[in-house]
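Heads up, work.cif below (mmCIF, C-alpha atoms):
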```cif
data_structure
#
loop_
_atom_site.label_atom_id
_atom_site.label_comp_id
_atom_site.auth_asym_id
_atom_site.auth_seq_id
_atom_site.Cartn_x
_atom_site.Cartn_y
_atom_site.Cartn_z
CA MET A 29 -22.56 34.97 -12.22
CA GLY A 30 -21.26 31.67 -13.47
CA ILE A 31 -19.41 29.81 -16.20
CA LYS A 32 -21.35 30.03 -19.46
CA ALA A 33 -18.96 28.14 -21.73
CA LEU A 34 -15.56 26.48 -21.79
CA THR A 35 -13.15 25.26 -24.48
CA ALA A 36 -9.64 23.80 -24.61
CA CYS A 37 -6.93 23.38 -27.24
CA VAL A 38 -3.87 21.12 -27.16
CA PRO A 39 -0.93 20.86 -29.59
CA GLN A 40 -1.23 17.98 -32.06
CA ASP A 41 2.29 16.63 -31.39
CA ILE A 42 2.22 13.66 -29.01
CA VAL A 43 5.12 12.52 -26.82
CA TYR A 44 4.84 8.97 -25.41
CA ASN A 45 6.25 8.15 -21.98
CA LYS A 46 7.01 4.60 -23.16
CA ASP A 47 9.78 6.21 -25.22
CA LEU A 48 11.60 7.57 -22.14
CA GLY A 49 14.21 4.79 -22.21
CA TYR A 50 16.99 7.38 -22.43
CA LEU A 51 15.93 8.81 -19.06
CA ILE A 52 14.45 5.93 -17.05
CA PRO A 53 15.69 2.29 -17.01
CA GLU A 54 13.52 0.24 -19.42
CA GLU A 55 12.36 -2.13 -16.67
CA GLU A 56 11.00 0.79 -14.61
CA ILE A 57 9.14 2.61 -17.40
CA GLU A 58 5.92 0.62 -17.20
CA LYS A 59 5.77 0.93 -13.42
CA THR A 60 6.42 4.68 -13.64
CA ILE A 61 3.65 5.11 -16.23
CA ASN A 62 1.23 3.13 -14.04
CA ASN A 63 2.06 5.19 -10.96
CA ILE A 64 1.94 8.66 -12.50
CA GLY A 65 -0.85 7.56 -14.84
CA ILE A 66 0.60 9.43 -17.82
CA GLU A 67 0.91 7.53 -21.09
CA GLN A 68 1.22 10.47 -23.44
CA ARG A 69 1.43 14.25 -23.46
CA ARG A 70 0.96 17.05 -25.98
CA ILE A 71 3.96 19.23 -26.70
CA ALA A 72 3.81 22.59 -28.45
CA ALA A 73 6.03 23.21 -31.49
CA PRO A 74 8.90 25.67 -30.90
CA ASP A 75 6.96 28.51 -32.52
CA VAL A 76 3.68 27.83 -30.67
CA THR A 77 3.05 29.53 -27.32
CA ALA A 78 0.47 29.23 -24.56
CA SER A 79 -1.25 32.32 -25.95
CA ASP A 80 -1.56 30.65 -29.38
CA LEU A 81 -3.33 27.68 -27.79
CA CYS A 82 -5.57 30.04 -25.79
CA PHE A 83 -6.29 32.13 -28.89
CA LYS A 84 -7.55 29.09 -30.76
CA ALA A 85 -9.59 27.95 -27.73
CA ALA A 86 -11.14 31.44 -27.49
CA GLN A 87 -12.00 31.50 -31.21
CA GLN A 88 -13.71 28.12 -30.80
CA LEU A 89 -15.59 29.40 -27.75
CA PHE A 90 -16.82 32.46 -29.70
CA ALA A 91 -17.91 30.28 -32.64
CA ASP A 92 -19.61 27.55 -30.59
CA ASN A 93 -21.59 30.03 -28.49
CA ASN A 94 -22.22 32.89 -30.95
CA ILE A 95 -20.25 35.32 -28.81
CA GLU A 96 -19.47 38.73 -30.30
CA PRO A 97 -15.96 39.90 -29.37
CA ASP A 98 -17.50 43.30 -28.59
CA SER A 99 -19.38 41.77 -25.67
CA ILE A 100 -16.22 40.95 -23.66
CA ASP A 101 -15.56 43.48 -20.88
CA VAL A 102 -12.57 41.85 -19.16
CA LEU A 103 -9.83 39.56 -20.49
CA LEU A 104 -7.58 37.72 -18.02
CA PHE A 105 -4.60 35.67 -19.19
CA MET A 106 -3.34 33.22 -16.57
CA SER A 107 0.06 31.68 -17.38
CA GLN A 108 3.66 31.28 -16.27
CA THR A 109 4.80 30.91 -19.88
CA ALA A 110 3.89 34.30 -21.32
CA ASP A 111 4.90 35.37 -24.84
CA TYR A 112 7.20 38.16 -23.63
CA ARG A 113 8.49 39.57 -20.36
CA ILE A 114 6.99 42.89 -21.51
CA PRO A 115 4.21 43.57 -22.49
CA ALA A 116 1.50 41.50 -20.81
CA THR A 117 0.22 38.76 -23.13
CA SER A 118 -3.43 39.68 -22.38
CA CYS A 119 -2.85 42.92 -24.31
CA LEU A 120 -1.67 40.99 -27.37
CA LEU A 121 -4.69 38.70 -27.09
CA GLN A 122 -7.08 41.66 -26.88
CA HIS A 123 -5.84 42.88 -30.24
CA ARG A 124 -5.62 39.44 -31.82
CA LEU A 125 -9.13 38.45 -30.75
CA GLY A 126 -10.55 41.76 -31.96
CA LEU A 127 -11.80 42.80 -28.53
CA PRO A 128 -12.72 46.47 -28.06
CA ARG A 129 -10.22 48.96 -26.64
CA GLU A 130 -12.51 49.35 -23.65
CA THR A 131 -11.56 45.81 -22.57
CA LEU A 132 -9.82 45.59 -19.21
CA CYS A 133 -6.84 43.26 -19.75
CA PHE A 134 -4.10 41.96 -17.49
CA ASP A 135 -2.04 38.85 -16.84
CA ILE A 136 -2.13 36.68 -13.76
CA THR A 137 0.84 34.48 -12.95
CA LEU A 138 0.62 31.57 -10.52
CA GLY A 139 1.44 27.86 -10.44
CA CYS A 140 -0.81 24.85 -10.85
CA SER A 141 -3.40 26.43 -8.51
CA GLY A 142 -3.73 29.37 -10.90
CA TYR A 143 -7.07 28.54 -12.51
CA LEU A 144 -8.92 28.70 -9.18
CA PHE A 145 -7.35 32.05 -8.28
CA ALA A 146 -7.92 33.52 -11.75
CA LEU A 147 -11.49 32.23 -11.74
CA SER A 148 -12.11 33.99 -8.41
CA ALA A 149 -10.87 37.24 -10.00
CA ALA A 150 -13.13 36.64 -13.02
CA PHE A 151 -16.14 36.08 -10.73
CA ALA A 152 -15.28 39.20 -8.74
CA TYR A 153 -15.17 41.32 -11.91
CA ALA A 154 -18.37 39.76 -13.23
CA SER A 155 -20.11 40.78 -10.00
CA MET A 156 -19.23 44.44 -10.62
CA GLU A 157 -21.55 46.97 -12.18
CA GLY A 158 -20.58 47.65 -15.78
CA VAL A 159 -19.08 44.22 -16.34
CA ASN A 160 -21.17 41.55 -18.03
CA ARG A 161 -18.66 39.11 -19.51
CA VAL A 162 -15.16 38.05 -18.47
CA LEU A 163 -12.99 35.88 -20.73
CA LEU A 164 -10.44 33.86 -18.76
CA LEU A 165 -7.66 32.37 -20.88
CA ASP A 166 -5.51 29.89 -18.95
CA GLY A 167 -2.67 28.25 -20.85
CA GLU A 168 0.73 26.74 -20.15
CA THR A 169 3.61 25.36 -22.20
CA PHE A 170 5.79 23.74 -19.53
CA SER A 171 7.58 21.80 -22.29
CA LYS A 172 9.49 25.05 -22.86
CA ILE A 173 10.69 25.34 -19.26
CA VAL A 174 11.35 21.70 -18.33
CA ASN A 175 14.60 19.97 -19.26
CA ARG A 176 14.17 16.74 -21.23
CA ARG A 177 16.83 15.11 -19.06
CA ASP A 178 15.08 15.92 -15.77
CA LYS A 179 13.52 12.60 -14.76
CA VAL A 180 11.36 14.17 -12.01
CA ASP A 181 9.65 16.76 -14.23
CA TRP A 182 9.87 15.71 -17.87
CA PRO A 183 7.62 12.61 -17.67
CA LEU A 184 4.86 14.73 -16.08
CA TYR A 185 4.26 17.92 -18.01
CA GLY A 186 2.20 18.62 -21.10
CA ASP A 187 0.97 21.79 -22.85
CA ALA A 188 -2.57 23.15 -23.21
CA GLY A 189 -4.57 26.35 -23.62
CA THR A 190 -8.13 26.92 -22.40
CA ALA A 191 -10.88 29.53 -22.56
CA THR A 192 -13.58 30.05 -19.95
CA LEU A 193 -16.42 32.53 -20.36
CA ILE A 194 -17.81 33.93 -17.11
CA GLU A 195 -21.03 35.89 -17.30
CA LYS A 196 -23.52 37.70 -15.11
CA GLY A 197 -26.75 35.78 -14.65
CA GLU A 198 -28.77 33.38 -12.54
CA TYR A 199 -26.28 30.60 -11.98
CA GLY A 200 -26.55 30.06 -8.22
CA ASP A 201 -23.94 30.48 -5.52
CA SER A 202 -20.23 29.96 -5.87
CA THR A 203 -17.74 29.78 -2.99
CA PHE A 204 -13.94 29.88 -3.10
CA ILE A 205 -11.30 29.02 -0.50
CA LEU A 206 -7.86 30.24 -1.56
CA ASN A 207 -4.67 29.67 0.46
CA THR A 208 -1.01 30.65 0.32
CA ASP A 209 2.16 29.60 2.16
CA GLY A 210 5.21 31.39 0.76
CA SER A 211 7.52 29.63 3.22
CA GLY A 212 7.46 26.79 0.68
CA GLU A 213 8.93 28.92 -2.15
CA ASP A 214 11.82 26.50 -2.77
CA THR A 215 9.63 23.44 -3.35
CA LEU A 216 8.92 24.33 -6.98
CA LYS A 217 11.07 27.00 -8.52
CA ILE A 218 12.84 28.50 -11.51
CA HIS A 219 15.94 30.07 -10.05
CA ALA A 220 16.68 32.76 -12.62
CA GLY A 221 14.80 36.06 -12.50
CA MET A 222 15.42 39.49 -11.02
CA ARG A 223 16.67 37.99 -7.72
CA ASN A 224 19.22 35.90 -9.59
CA PRO A 225 19.87 37.86 -12.79
CA ILE A 226 20.13 35.91 -16.03
CA THR A 227 23.66 35.59 -17.38
CA ALA A 228 25.28 33.33 -19.97
CA GLU A 229 25.90 30.91 -17.09
CA SER A 230 22.15 30.60 -16.41
CA CYS A 231 21.70 28.97 -19.82
CA VAL A 232 24.25 26.21 -19.20
CA GLU A 233 22.87 22.72 -18.56
CA ARG A 234 24.31 21.27 -15.34
CA GLU A 235 23.96 18.02 -13.51
CA ARG A 236 21.87 18.55 -10.36
CA GLU A 237 20.44 16.29 -7.63
CA ASP A 238 20.15 12.57 -8.49
CA GLY A 239 21.71 13.09 -11.93
CA ASN A 240 18.94 15.37 -13.18
CA ILE A 241 20.03 17.95 -15.74
CA ARG A 242 18.73 21.48 -16.06
CA THR A 243 19.65 25.12 -16.54
CA ASP A 244 18.77 27.92 -14.10
CA LEU A 245 15.97 28.89 -16.51
CA GLU A 246 14.19 25.55 -16.08
CA VAL A 247 11.82 24.19 -13.43
CA TYR A 248 13.07 22.44 -10.30
CA MET A 249 10.61 20.43 -8.22
CA ASP A 250 11.10 18.56 -4.95
CA GLY A 251 8.62 15.80 -5.75
CA MET A 252 8.43 14.46 -2.20
CA ASP A 253 7.76 17.88 -0.66
CA VAL A 254 5.11 18.70 -3.26
CA PHE A 255 3.45 15.38 -2.55
CA ASN A 256 3.54 15.94 1.20
CA PHE A 257 2.15 19.46 0.71
CA ALA A 258 -0.67 18.30 -1.53
CA ILE A 259 -1.85 15.35 0.54
CA SER A 260 -1.80 17.37 3.75
CA LYS A 261 -3.53 20.49 2.36
CA VAL A 262 -5.87 19.53 -0.49
CA PRO A 263 -8.26 17.09 1.25
CA LYS A 264 -8.53 19.53 4.17
CA SER A 265 -9.30 22.41 1.83
CA VAL A 266 -12.03 20.37 0.11
CA LYS A 267 -13.53 19.31 3.44
CA GLN A 268 -13.48 22.89 4.75
CA LEU A 269 -15.26 24.12 1.62
CA LEU A 270 -17.94 21.43 1.94
CA LYS A 271 -18.41 22.24 5.61
CA GLU A 272 -18.73 25.98 5.04
CA THR A 273 -21.23 25.51 2.23
CA GLU A 274 -23.08 22.84 4.25
CA ARG A 275 -22.63 20.23 1.57
CA SER A 276 -21.34 16.69 1.65
CA VAL A 277 -19.23 14.84 -0.85
CA GLU A 278 -22.39 12.94 -1.90
CA ASP A 279 -24.02 16.23 -2.98
CA LEU A 280 -21.31 16.81 -5.59
CA ASP A 281 -21.88 15.81 -9.19
CA TYR A 282 -18.21 16.21 -10.08
CA LEU A 283 -14.95 16.88 -8.29
CA VAL A 284 -12.30 18.17 -10.70
CA PHE A 285 -8.75 18.06 -9.36
CA HIS A 286 -5.64 19.60 -10.82
CA GLN A 287 -4.16 16.66 -12.75
CA ALA A 288 -0.81 16.43 -10.97
CA ASN A 289 -0.29 12.68 -11.18
CA ARG A 290 -2.56 9.66 -10.93
CA PHE A 291 -1.08 8.39 -7.67
CA MET A 292 -1.83 11.68 -5.93
CA MET A 293 -5.40 11.97 -7.27
CA ASP A 294 -6.13 8.37 -6.27
CA PHE A 295 -4.98 9.31 -2.79
CA PHE A 296 -7.44 12.24 -2.69
CA VAL A 297 -10.29 10.01 -3.88
CA LYS A 298 -9.53 7.51 -1.13
CA LYS A 299 -9.02 10.13 1.56
CA LEU A 300 -12.23 12.01 0.73
CA LYS A 301 -14.20 8.78 0.26
CA VAL A 302 -15.60 10.14 -3.00
CA SER A 303 -17.01 7.83 -5.62
CA PRO A 304 -14.35 7.55 -8.40
CA ASP A 305 -16.95 8.09 -11.15
CA LYS A 306 -17.39 11.66 -9.88
CA VAL A 307 -13.69 12.41 -10.37
CA PRO A 308 -12.76 12.89 -14.04
CA TYR A 309 -9.20 12.11 -15.15
CA CYS A 310 -7.54 13.19 -18.39
CA ILE A 311 -3.98 12.86 -17.14
CA HIS A 312 -3.35 9.67 -19.16
CA LYS A 313 -3.85 11.65 -22.38
CA PHE A 314 -2.44 15.06 -21.58
CA GLY A 315 -0.17 14.77 -18.49
CA ASN A 316 0.10 17.61 -15.99
CA THR A 317 -0.69 20.85 -17.84
CA SER A 318 -0.21 23.01 -14.72
CA SER A 319 -3.00 25.56 -14.17
CA ALA A 320 -4.69 24.65 -17.48
CA SER A 321 -5.43 21.15 -16.19
CA VAL A 322 -8.73 21.88 -14.40
CA PRO A 323 -10.47 23.49 -17.42
CA LEU A 324 -8.78 20.97 -19.78
CA THR A 325 -10.23 18.11 -17.71
CA ILE A 326 -13.68 19.70 -17.88
CA SER A 327 -13.41 20.05 -21.67
CA SER A 328 -11.97 16.57 -22.18
CA GLU A 329 -14.17 14.59 -19.78
CA LEU A 330 -17.34 16.61 -19.08
CA SER A 331 -18.26 17.84 -22.54
CA GLY A 332 -21.95 17.04 -23.02
CA ARG A 333 -22.32 16.07 -19.36
CA LEU A 334 -23.06 19.49 -17.81
CA ALA A 335 -26.61 20.06 -19.04
CA GLY A 336 -29.02 21.37 -16.41
CA ASP A 337 -27.70 22.00 -12.90
CA ASN A 338 -24.53 20.35 -11.70
CA LEU A 339 -22.75 20.94 -8.42
CA VAL A 340 -19.04 20.97 -9.24
CA LEU A 341 -16.05 21.28 -6.93
CA MET A 342 -12.68 22.24 -8.42
CA SER A 343 -9.35 22.10 -6.63
CA GLY A 344 -5.85 23.22 -7.60
CA PHE A 345 -2.48 23.30 -5.83
CA GLY A 346 1.11 24.06 -6.69
CA ALA A 347 4.10 26.40 -6.63
CA GLY A 348 4.03 29.21 -4.12
CA LEU A 349 3.00 27.24 -2.26
CA SER A 350 -0.56 27.99 -3.27
CA TRP A 351 -3.77 25.97 -3.12
CA GLY A 352 -7.44 26.64 -3.58
CA SER A 353 -10.84 25.06 -4.10
CA ALA A 354 -14.17 26.31 -5.38
CA ILE A 355 -17.66 24.90 -5.29
CA MET A 356 -20.25 26.16 -7.73
CA ASN A 357 -23.48 25.34 -9.43
CA MET A 358 -22.80 24.97 -13.15
CA ARG A 359 -26.00 25.65 -15.09
CA ASP A 360 -26.21 24.53 -18.72
CA CYS A 361 -22.51 25.16 -19.16
CA ASN A 362 -21.64 24.64 -22.80
CA VAL A 363 -18.40 22.65 -22.79
CA SER A 364 -16.84 22.06 -26.19
CA PRO A 365 -14.63 19.00 -26.73
CA VAL A 366 -10.85 19.49 -26.85
CA ILE A 367 -9.55 20.78 -30.19
CA GLU A 368 -6.03 20.52 -31.64
CA TYR A 369 -3.64 23.24 -32.69
CA MET B 6 2.63 3.30 18.31
CA SER B 7 4.76 0.20 17.95
CA ILE B 8 7.75 -0.34 15.72
CA ASP B 9 6.43 -3.77 14.71
CA GLN B 10 3.23 -2.23 13.36
CA PHE B 11 5.25 0.48 11.62
CA ILE B 12 7.47 -2.12 9.95
CA GLU B 13 4.37 -4.01 8.83
CA ASN B 14 2.85 -0.84 7.33
CA PHE B 15 6.17 -0.07 5.66
CA THR B 16 6.60 -3.59 4.31
CA ASP B 17 3.07 -3.57 2.85
CA LEU B 18 4.17 -0.85 0.41
CA PHE B 19 6.53 -3.24 -1.37
CA ASP B 20 5.29 -5.64 -4.05
CA GLU B 21 8.39 -7.59 -4.96
CA THR B 22 10.48 -7.53 -1.79
CA ASP B 23 10.24 -10.48 0.63
CA PRO B 24 8.69 -8.99 3.82
CA ASP B 25 10.96 -11.14 5.97
CA THR B 26 13.99 -9.29 4.65
CA ILE B 27 12.80 -5.94 6.08
CA ASN B 28 13.39 -5.11 9.74
CA GLU B 29 14.21 -1.99 11.77
CA THR B 30 17.89 -2.01 10.79
CA THR B 31 17.21 -2.35 7.04
CA SER B 32 18.81 0.40 4.94
CA PHE B 33 15.66 0.84 2.90
CA LYS B 34 17.26 2.94 0.15
CA ASP B 35 19.48 -0.05 -0.70
CA LEU B 36 16.47 -2.29 -1.39
CA GLU B 37 16.24 -3.07 -5.09
CA GLU B 38 12.57 -2.07 -5.21
CA TRP B 39 13.17 1.33 -3.57
CA SER B 40 12.33 4.27 -5.87
CA SER B 41 11.23 7.89 -5.72
CA LEU B 42 7.64 6.72 -6.24
CA LEU B 43 7.91 4.32 -3.32
CA ALA B 44 9.07 7.29 -1.24
CA LEU B 45 5.72 8.93 -2.05
CA SER B 46 3.94 5.78 -0.83
CA VAL B 47 5.85 6.06 2.45
CA ILE B 48 4.77 9.70 2.85
CA ALA B 49 1.16 8.74 2.06
CA MET B 50 1.23 5.79 4.49
CA ILE B 51 2.59 7.99 7.30
CA ASP B 52 -0.13 10.58 6.63
CA GLU B 53 -2.89 7.98 6.61
CA GLU B 54 -1.79 5.76 9.48
CA TYR B 55 -0.23 8.33 11.80
CA ASP B 56 -1.59 11.71 10.59
CA VAL B 57 1.97 13.01 10.49
CA GLU B 58 3.42 15.32 7.82
CA PHE B 59 6.55 13.76 6.40
CA ARG B 60 8.84 15.83 4.20
CA GLY B 61 11.36 14.99 1.52
CA GLU B 62 14.22 15.88 3.84
CA ASP B 63 12.91 13.40 6.43
CA ILE B 64 13.31 10.62 3.86
CA ARG B 65 16.68 11.98 2.75
CA ASN B 66 17.94 12.16 6.36
CA SER B 67 16.85 8.60 7.16
CA ASN B 68 18.85 5.47 6.45
CA THR B 69 17.06 2.69 8.31
CA VAL B 70 13.40 1.87 8.87
CA GLU B 71 13.97 2.70 12.53
CA ASP B 72 15.11 6.22 11.55
CA LEU B 73 11.75 6.74 9.81
CA TYR B 74 9.89 5.32 12.81
CA ASN B 75 11.73 7.63 15.22
CA ILE B 76 10.80 10.74 13.22
CA VAL B 77 7.14 9.71 13.06
CA LYS B 78 7.13 8.82 16.77
CA SER B 79 8.60 12.20 17.72
CA ARG B 80 5.75 13.95 15.86
CA VAL B 81 2.93 11.75 17.10
CA GLU B 82 3.79 12.50 20.71
#
```

Show this structure as structure tokens.
Amino acid sequence: MGIKALTACVPQDIVYNKDLGYLIPEEEIEKTINNIGIEQRRIAAPDVTASDLCFKAAQQLFADNNIEPDSIDVLLFMSQTADYRIPATSCLLQHRLGLPRETLCFDITLGCSGYLFALSAAFAYASMEGVNRVLLLDGETFSKIVNRRDKVDWPLYGDAGTATLIEKGEYGDSTFILNTDGSGEDTLKIHAGMRNPITAESCVEREREDGNIRTDLEVYMDGMDVFNFAISKVPKSVKQLLKETERSVEDLDYLVFHQANRFMMDFFVKKLKVSPDKVPYCIHKFGNTSSASVPLTISSELSGRLAGDNLVLMSGFGAGLSWGSAIMNMRDCNVSPVIEY
Amino acid sequence: MSIDQFIENFTDLFDETDPDTINETTSFKDLEEWSSLLALSVIAMIDEEYDVEFRGEDIRNSNTVEDLYNIVKSRVE
């Protein structure tokens, strides 16, 4: 099995980091933008959710590839910004996309590493008898869970929805390495949930560390710990995957990283001694879109560049802590350019 | 590892600060150029040069360049 087609959809509203003067001293804005590499981000309107963005991406995928909704056997929705707490958003998407009632649907929730983990589930289902096509919808709207006066998180995050079609067929081998370390649960967290029940107090904005403002319903990130985690785990994970598949970095056509921030990705490029032209970036346009960032980068930067056989390595890492990489042959993958909602 | 080399590696991370003003007793968080992004450069430098994992709390618990050096030294050995 392999990836037959991929699409992505971003909101049309643009937020520019040069306008963050209310949050960051004017003289530091340019330096911050250069370091994180994010000039602008797309932000969903209040009434637009991750599933809306994914719905539009899926419709585009069906249209661009002449896919009949009836041919989808499994629908996976990967997100941490679901429409409702109950029911699972994948069920709503099954109905909305006109997929048959025989479709197996469920949600997957994980941080920025989520696409790799969800893709491994999609590949596993596609390898089963009776399953031919799996539709993986990965979308996030972090703009709804990040406080605009949190100077660690707000300059980073953008919104996006993506659709990936996985299908049985002669695509070549694919190998995944997926890791978890729950001892790092506090590194990236939203406090409120069942452990800390939501009350009226949870919704109150409070001043936190270093003057950052947020409620208990919004994301906290220890930027230094995330950075330390990523630089110590991600290059090792990539090297391990190359070793186990008996490949070298030179064999790769593309290496698609989760778009966390430019500084971090530049560090990976240097550490892995990979040629920068094999590492696509779309972070300057879209920011960090959490788990949607790997497929968004493929749509934004590799559309029209995946004809024939291409050896592609993908790597994601984030809350959990959770990190994973996959190496696969992509054969004539039809990647549509990014569309707007 | 030597503290002089560590100070040199540390000083190299700064663009606008006069290298001669940084020594082992410097309270680095008081330097005008110090920022959260520079903290990430310190973590990256320590990973690259010393292969040591450096956490946010290590930076938070350190005041002087020597404090940073001592943490790295304790993990190298």

Find the nearest atom pair between each residue of chain A and chain B for residues within 8 Å, count only C-alpha atoms, give distances in Å to one decimal, sort rows by chain and ascending number, and present the table as a Markdown table.
```
| residue | atom | partner | partner_atom | distance |
| --- | --- | --- | --- | --- |
| A:Thr60 | CA | B:Leu42 | CA | 7.8 |
| A:Asn63 | CA | B:Leu42 | CA | 7.5 |
| A:Asp250 | CA | B:Gly61 | CA | 7.4 |
| A:Gly251 | CA | B:Gly61 | CA | 7.8 |
| A:Met252 | CA | B:Gly61 | CA | 4.8 |
| A:Asp253 | CA | B:Gly61 | CA | 5.1 |
| A:Phe255 | CA | B:Leu45 | CA | 6.9 |
| A:Asn256 | CA | B:Arg60 | CA | 6.1 |
| A:Ile259 | CA | B:Ala49 | CA | 7.4 |
| A:Ser260 | CA | B:Glu58 | CA | 6.9 |
| A:Phe295 | CA | B:Ala49 | CA | 7.8 |
```

How big is the axis-aligned box, and where does its centre sit, when it encloses all atoms of segment 55-58 of chain B listed in the file and has 6 Å added on every side, reported in Å to one decimal as AutoDock Vina command-line options?
```
--center_x 0.9 --center_y 11.8 --center_z 9.8 --size_x 17.0 --size_y 19.0 --size_z 16.0
```

So which residues touch Met6 of chain B within 9 Å, counting all atoms listed in the file, skipping near sequence neighbours fewer than 6 positions away, as a PDB file with C-alpha atoms, in the frame of the given file?
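Done, and the output landed in result-v2.pdb:
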```pdb
ATOM      1  CA  TYR B  55      -0.230   8.330  11.800  1.00  0.00           C
ATOM      2  CA  LYS B  78       7.130   8.820  16.770  1.00  0.00           C
ATOM      3  CA  VAL B  81       2.930  11.750  17.100  1.00  0.00           C
TER       4      VAL B  81
END
```

Check which residues satisfy the PyMOL selection byres ((chain B and resi 32-37) around 7) in the file shown, then give them as a PyMOL selection string.
-> chain B and resi 30-31+38-39+68-70

Please measure the separation of atom CA of Met292 of chain A and atom CA of Leu349 of chain A, giving the value in Å to one decimal.
->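 One can read the atom CA of Met292 of chain A to atom CA of Leu349 of chain A distance as 16.7 Å.
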
Residues selected by the PyMOL selection byres ((chain A and resi 297-301) around 9), written as a list in words = Ile259, Pro263, Val266, Lys267, Val277, Met292, Met293, Asp294, Phe295, Phe296, Val302, Ser303, Pro304 and Val307 of chain A; Glu53 of chain B

Picked residues, the PyMOL selection byres ((chain A and resi 164) around 12), expected as a PyMOL selection string | chain A and resi 31-36+79+82-83+85-86+89+100-107+118+121-122+132-136+142-151+153-154+161-163+165-167+189-195+320+323

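For Asn14 of chain B, the non-local neighbours within 9 Å, defined as residues at least 5 positions apart in the same chain or in other chains and counting only C-alpha atoms, are B:Asp9, B:Val47, B:Met50, B:Ile51, B:Glu54.
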
Give me, please, the distance in Å between atom CA of Lys264 of chain A and atom CA of Met342 of chain A, quoted to one decimal.
-> 13.5 Å

Point-to-point distance from atom CA of Ile8 of chain B to atom CA of Lys59 of chain A, Å rounded to tenths =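 Going from atom CA of Ile8 of chain B over to atom CA of Lys59 of chain A, I get 29.2 Å.
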
Near Ile61 of chain A, counting all atoms listed in the file, which residues have an atom at most 10 Å away, once you skip same-chain residues fewer than 4 positions from it, shown as a PyMOL selection string?
-> chain A and resi 45-46+56-57+65-68+183-184+289-290+312

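If you measure from each of B:Glu82, B:Pro24, B:Glu29, B:Asn66 to Phe11 of chain B using only C-alpha atoms, the closest one turns out to be B:Glu29.
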
For segment 30-42 of chain B, supply N, CA and C atoms and format the output as a PDB file, in the frame of the given file.
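Writing the result to result_20.pdb gives the following:
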```pdb
ATOM      1  N   THR B  30      16.536  -2.439  11.141  1.00  0.00           N
ATOM      2  CA  THR B  30      17.890  -2.010  10.790  1.00  0.00           C
ATOM      3  C   THR B  30      18.107  -1.979   9.267  1.00  0.00           C
ATOM      4  N   THR B  31      17.065  -2.317   8.503  1.00  0.00           N
ATOM      5  CA  THR B  31      17.210  -2.350   7.040  1.00  0.00           C
ATOM      6  C   THR B  31      17.500  -0.952   6.480  1.00  0.00           C
ATOM      7  N   SER B  32      18.551  -0.851   5.677  1.00  0.00           N
ATOM      8  CA  SER B  32      18.810   0.400   4.940  1.00  0.00           C
ATOM      9  C   SER B  32      17.887   0.386   3.723  1.00  0.00           C
ATOM     10  N   PHE B  33      16.730   1.041   3.890  1.00  0.00           N
ATOM     11  CA  PHE B  33      15.660   0.840   2.900  1.00  0.00           C
ATOM     12  C   PHE B  33      16.024   1.378   1.517  1.00  0.00           C
ATOM     13  N   LYS B  34      16.904   2.390   1.467  1.00  0.00           N
ATOM     14  CA  LYS B  34      17.260   2.940   0.150  1.00  0.00           C
ATOM     15  C   LYS B  34      18.117   1.970  -0.667  1.00  0.00           C
ATOM     16  N   ASP B  35      18.676   0.948   0.020  1.00  0.00           N
ATOM     17  CA  ASP B  35      19.480  -0.050  -0.700  1.00  0.00           C
ATOM     18  C   ASP B  35      18.624  -1.185  -1.255  1.00  0.00           C
ATOM     19  N   LEU B  36      17.343  -1.234  -0.867  1.00  0.00           N
ATOM     20  CA  LEU B  36      16.470  -2.290  -1.390  1.00  0.00           C
ATOM     21  C   LEU B  36      16.291  -2.084  -2.893  1.00  0.00           C
ATOM     22  N   GLU B  37      16.299  -3.175  -3.629  1.00  0.00           N
ATOM     23  CA  GLU B  37      16.240  -3.070  -5.090  1.00  0.00           C
ATOM     24  C   GLU B  37      14.953  -2.375  -5.536  1.00  0.00           C
ATOM     25  N   GLU B  38      13.871  -2.604  -4.795  1.00  0.00           N
ATOM     26  CA  GLU B  38      12.570  -2.070  -5.210  1.00  0.00           C
ATOM     27  C   GLU B  38      12.408  -0.588  -4.835  1.00  0.00           C
ATOM     28  N   TRP B  39      13.307  -0.060  -4.011  1.00  0.00           N
ATOM     29  CA  TRP B  39      13.170   1.330  -3.570  1.00  0.00           C
ATOM     30  C   TRP B  39      13.220   2.287  -4.765  1.00  0.00           C
ATOM     31  N   SER B  40      12.332   3.295  -4.782  1.00  0.00           N
ATOM     32  CA  SER B  40      12.330   4.270  -5.870  1.00  0.00           C
ATOM     33  C   SER B  40      11.726   5.560  -5.342  1.00  0.00           C
ATOM     34  N   SER B  41      11.802   6.605  -6.130  1.00  0.00           N
ATOM     35  CA  SER B  41      11.230   7.890  -5.720  1.00  0.00           C
ATOM     36  C   SER B  41       9.711   7.771  -5.555  1.00  0.00           C
ATOM     37  N   LEU B  42       9.087   6.895  -6.370  1.00  0.00           N
ATOM     38  CA  LEU B  42       7.640   6.720  -6.240  1.00  0.00           C
ATOM     39  C   LEU B  42       7.285   5.954  -4.969  1.00  0.00           C
TER      40      LEU B  42
END
```
